[in-house]
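Below: start_19.txt (compact mmCIF, C-alpha atoms and all ligand atoms)
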# COMPACT_ATOMS: atom_id res chain seq x y z
CA MET A 941 -5.32 1.70 19.88
CA ALA A 942 -2.10 -0.15 19.50
CA LEU A 943 0.84 -0.23 17.18
CA ARG A 944 1.10 -3.39 15.12
CA GLU A 945 4.26 -4.94 13.78
CA ILE A 946 4.88 -4.11 10.13
CA ARG A 947 5.86 -7.24 8.24
CA THR A 948 8.82 -6.82 5.94
CA TYR A 949 10.02 -8.50 2.77
CA PRO A 950 10.37 -11.49 2.33
CA ASP A 951 7.61 -12.34 4.88
CA PRO A 952 5.24 -14.72 3.03
CA VAL A 953 2.15 -12.94 4.42
CA LEU A 954 2.95 -10.16 1.94
CA ARG A 955 2.66 -12.63 -0.93
CA ASN A 956 -0.71 -14.18 -0.15
CA LYS A 957 -3.86 -12.82 -1.72
CA THR A 958 -6.19 -11.23 0.81
CA SER A 959 -9.84 -12.15 1.38
CA ARG A 960 -12.85 -9.89 0.97
CA VAL A 961 -14.04 -8.14 4.11
CA GLU A 962 -17.51 -9.57 4.77
CA ARG A 963 -18.23 -8.13 8.22
CA ILE A 964 -17.80 -4.55 9.23
CA ASP A 965 -17.82 -4.76 13.00
CA SER A 966 -16.01 -3.38 16.04
CA ALA A 967 -13.05 -5.73 15.53
CA LEU A 968 -12.55 -4.34 12.03
CA ASP A 969 -12.87 -0.82 13.36
CA ARG A 970 -10.16 -1.54 15.92
CA LEU A 971 -7.92 -2.94 13.19
CA ILE A 972 -8.44 0.25 11.13
CA GLU A 973 -7.52 2.45 14.13
CA ASP A 974 -4.39 0.38 14.76
CA MET A 975 -3.39 0.54 11.11
CA VAL A 976 -3.76 4.33 11.02
CA GLU A 977 -1.68 4.66 14.17
CA THR A 978 0.96 2.25 12.86
CA MET A 979 1.15 4.04 9.50
CA ARG A 980 1.54 7.47 11.11
CA ALA A 981 4.15 6.27 13.59
CA ALA A 982 6.28 4.60 10.89
CA PRO A 983 5.84 7.24 9.30
CA GLY A 984 4.24 6.27 6.02
CA VAL A 985 1.49 7.40 3.67
CA GLY A 986 -0.24 4.08 3.16
CA LEU A 987 -0.64 0.69 4.81
CA ALA A 988 -2.41 -2.48 3.71
CA ALA A 989 -3.86 -4.93 6.25
CA ASN A 990 -1.58 -7.77 5.14
CA GLN A 991 1.41 -5.57 6.00
CA VAL A 992 0.38 -6.00 9.64
CA GLY A 993 -0.30 -9.72 9.09
CA VAL A 994 -4.06 -9.57 8.55
CA PRO A 995 -5.00 -11.02 5.13
CA LEU A 996 -8.04 -8.82 4.43
CA GLN A 997 -8.87 -6.44 1.59
CA LEU A 998 -8.39 -3.28 3.58
CA ALA A 999 -5.94 -0.40 3.34
CA VAL A 1000 -5.49 3.09 4.74
CA ILE A 1001 -3.92 6.09 3.00
CA ASP A 1002 -3.00 9.44 4.54
CA LEU A 1003 -1.26 11.93 2.29
CA SER A 1004 -1.78 14.96 4.52
CA SER A 1005 1.94 15.26 5.29
CA ARG A 1006 2.92 15.19 1.60
CA GLU A 1007 0.40 17.42 -0.08
CA ASP A 1008 0.02 21.11 -0.51
CA GLU A 1009 -3.02 22.81 0.97
CA GLU A 1010 -4.93 22.81 -2.29
CA GLN A 1011 -4.74 19.08 -2.80
CA ARG A 1012 -5.60 17.81 0.62
CA HIS A 1013 -7.29 14.44 0.84
CA PRO A 1014 -8.75 13.34 4.15
CA LEU A 1015 -7.62 10.06 5.68
CA LEU A 1016 -8.83 7.40 3.30
CA VAL A 1017 -9.99 3.92 4.32
CA ILE A 1018 -10.62 1.51 1.45
CA ILE A 1019 -12.36 -1.81 1.96
CA ASN A 1020 -12.65 -4.38 -0.87
CA PRO A 1021 -11.17 -1.89 -3.35
CA GLU A 1022 -11.18 -2.43 -7.10
CA LEU A 1023 -9.38 -0.48 -9.81
CA VAL A 1024 -12.08 0.19 -12.41
CA VAL A 1025 -10.24 2.69 -14.64
CA MET A 1026 -6.51 3.11 -15.29
CA GLU A 1027 -5.30 5.73 -17.76
CA GLY A 1028 -2.00 7.18 -18.89
CA SER A 1029 1.36 6.34 -17.42
CA VAL A 1030 3.96 7.89 -15.14
CA LEU A 1031 7.35 6.77 -13.91
CA GLU A 1032 7.96 7.91 -10.35
CA GLU A 1033 9.90 6.88 -7.31
CA GLU A 1034 8.20 4.65 -4.75
CA GLY A 1035 9.08 3.15 -1.43
CA CYS A 1036 7.31 0.78 0.93
CA LEU A 1037 7.22 0.32 4.71
CA SER A 1038 7.67 -3.42 4.08
CA ILE A 1039 10.91 -2.82 2.14
CA PRO A 1040 12.83 -0.41 4.37
CA ASP A 1041 15.60 1.80 2.95
CA TYR A 1042 14.82 1.10 -0.68
CA ALA A 1043 13.24 3.32 -3.32
CA GLU A 1044 13.06 2.96 -7.07
CA LYS A 1045 11.10 4.33 -9.99
CA VAL A 1046 7.99 2.38 -10.90
CA LYS A 1047 5.67 2.72 -13.88
CA ARG A 1048 2.07 3.34 -12.88
CA ALA A 1049 -1.16 4.56 -14.43
CA ALA A 1050 -1.37 8.36 -14.19
CA ARG A 1051 -5.09 8.44 -13.41
CA VAL A 1052 -7.30 5.85 -11.78
CA LYS A 1053 -10.82 5.30 -10.63
CA VAL A 1054 -11.31 3.05 -7.64
CA ARG A 1055 -14.50 1.51 -6.34
CA ALA A 1056 -14.44 0.54 -2.67
CA GLN A 1057 -16.40 0.53 0.57
CA ASP A 1058 -15.73 3.03 3.32
CA ARG A 1059 -15.40 2.08 7.00
CA THR A 1060 -19.17 2.08 7.41
CA GLY A 1061 -19.56 -0.34 4.50
CA LYS A 1062 -20.94 2.23 2.09
CA GLN A 1063 -19.75 1.87 -1.48
CA PHE A 1064 -18.03 4.85 -3.10
CA GLU A 1065 -15.98 5.72 -6.15
CA LEU A 1066 -12.88 7.86 -6.18
CA GLU A 1067 -11.07 9.37 -9.14
CA ALA A 1068 -7.46 10.26 -8.48
CA GLU A 1069 -4.24 11.39 -10.09
CA GLY A 1070 -0.78 12.31 -8.82
CA LEU A 1071 0.29 11.01 -5.44
CA MET A 1072 -3.15 9.62 -4.58
CA ALA A 1073 -3.30 7.59 -7.83
CA LYS A 1074 0.13 6.15 -7.04
CA ALA A 1075 -0.82 5.33 -3.44
CA LEU A 1076 -4.06 3.62 -4.47
CA GLN A 1077 -2.28 1.40 -7.00
CA HIS A 1078 0.49 0.58 -4.51
CA GLU A 1079 -1.96 -0.43 -1.76
CA ILE A 1080 -4.24 -2.43 -4.08
CA ASP A 1081 -1.15 -4.27 -5.32
CA HIS A 1082 -0.40 -5.21 -1.70
CA LEU A 1083 -3.88 -6.71 -1.35
CA ASN A 1084 -3.14 -8.86 -4.39
CA GLY A 1085 0.15 -10.08 -2.92
CA LEU A 1086 2.26 -7.78 -5.10
CA LEU A 1087 5.11 -5.48 -4.04
CA PHE A 1088 6.39 -2.51 -6.01
CA VAL A 1089 9.68 -4.32 -6.65
CA ASP A 1090 7.67 -6.84 -8.73
CA ARG A 1091 7.04 -4.02 -11.20
CA LEU A 1092 10.71 -3.18 -11.77
CA SER A 1093 12.54 -4.08 -14.96
CA SER A 1094 14.33 -7.44 -14.75
CA LEU A 1095 17.72 -5.73 -14.40
CA LYS A 1096 16.52 -3.58 -11.50
CA LYS A 1097 14.82 -6.58 -9.91
CA HIS A 1098 18.11 -8.42 -10.06
CA LEU A 1099 19.94 -5.48 -8.47
CA PHE A 1100 17.31 -5.25 -5.73
CA LYS A 1101 17.66 -8.95 -4.86
CA ARG A 1102 21.43 -8.69 -4.78
CA ARG A 1103 21.32 -5.63 -2.54
CA PHE A 1104 18.78 -7.27 -0.30
CA LYS A 1105 20.91 -10.42 0.11
CA LYS A 1106 23.92 -8.29 0.94
CA ALA A 1107 21.95 -6.40 3.58
CA LEU A 1108 20.91 -9.72 5.15
CA ILE A 1109 24.50 -10.96 5.31
CA GLU A 1110 25.68 -7.69 6.87
CA LYS A 1111 23.04 -8.00 9.58
CA GLU A 1112 24.24 -11.41 10.68
ZN ZN B 1 3.87 -0.77 0.47
How does this structure look as C-alpha cells?
Amino acid sequence: MALREIRTYPDPVLRNKTSRVERIDSALDRLIEDMVETMRAAPGVGLAANQVGVPLQLAVIDLSSREDEEQRHPLLVIINPELVVMEGSVLEEEGCLSIPDYAEKVKRAARVKVRAQDRTGKQFELEAEGLMAKALQHEIDHLNGLLFVDRLSSLKKHLFKRRFKKALIEKE
C-alpha cells in the first residue's frame, strides 16, 4: 500500500468526468487499498479516484470515526455508482480533502438510493440517509467532475473564489 497525492482545487483532473470501471483486477484492488490508506491518513471520510488523479468511477467512504455505535457502516467501496433515488432536502456543512480549510453549508437530498458494484464487481443497492447520504452524493459529484462549492449560492461562490485567490497570493 502507498499513500497517493490528493489533488486540490483548481487541479483540472477534478473537473473531468471519470470513465466507467470495466476491469476489476489486481491493479484496481491496489488502487482501492491506496485510496483507503490515503483517505484515513488525511484524515477524511470519503475519497474519489479522480482526487488521486485516476479518472475512474470509483470512490471509498469510511464513516466509522464519525458515527455512533448504532449507525456504523463498514468501509464502503463504490464502483460505477449511480444515484437512482433522491428524496427530501437538507442543508448541512460540508468540506472536501481537495479544498483544504474550507467548509460551507450545501443543500443535498436527505435520502438516497445508490446502485453500484462492490470491489468484487457484484452489483448492490444501498439506501442511506444522514451522513452516509451526504457522503454518497459528495463522492458521486466528484466522479462527475463536480465539487461541493459548485452547489453554493452565487454569492457564496463569489466569496469562496475571492477567499481562494487571497490564499494563493498569501502563499507566494
Ligand atoms: Zn470531496
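Between Arg1048 of chain A and the residues A:Leu1016, A:Cys1036, A:Ile946, A:Leu1071, the shortest atom-to-atom distance, using all atoms listed in the file, involves A:Leu1071.
If you look at atom CA of Ile1001 of chain A and atom CA of Lys1045 of chain A, they are 19.9 Å away from each other.
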Could you tell me, as a PyMOL selection string, which residues have any atom at most 12 Å from (-9.9, 1.2, -1.8), counting only C-alpha atoms?
chain A and resi 960-961+986-989+996-1001+1015-1024+1052-1059+1061-1068+1072-1073+1075-1083
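Proximity to Thr978 of chain A was assessed for A:Lys1097, A:Pro950, A:Glu1044, A:Asp1002 counting all atoms listed in the file; the smallest distance is recorded for A:Asp1002.
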With all atoms listed in the file as the counted atoms, please give the residues lying no more than 10 Å from His1098 of chain A, apart from itself and same-chain residues fewer than 6 positions off, as a short mmCIF file (atom, residue, chain, number, x, y, z; two decimals) with C-alpha atoms, keeping the file's coordinate frame.
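Final output, selection-v1.cif:
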data_model
loop_
_atom_site.label_atom_id
_atom_site.label_comp_id
_atom_site.auth_asym_id
_atom_site.auth_seq_id
_atom_site.Cartn_x
_atom_site.Cartn_y
_atom_site.Cartn_z
CA VAL A 1089 9.68 -4.32 -6.65
CA LEU A 1092 10.71 -3.18 -11.77
CA PHE A 1104 18.78 -7.27 -0.30
#
Atomic separation - atom CA of Ser1029 of chain A relative to atom CA of Leu1095 of chain A, Å
20.6 Å
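Atom CA of Tyr1042 of chain A is found 8.5 Å from atom CA of Phe1100 of chain A.
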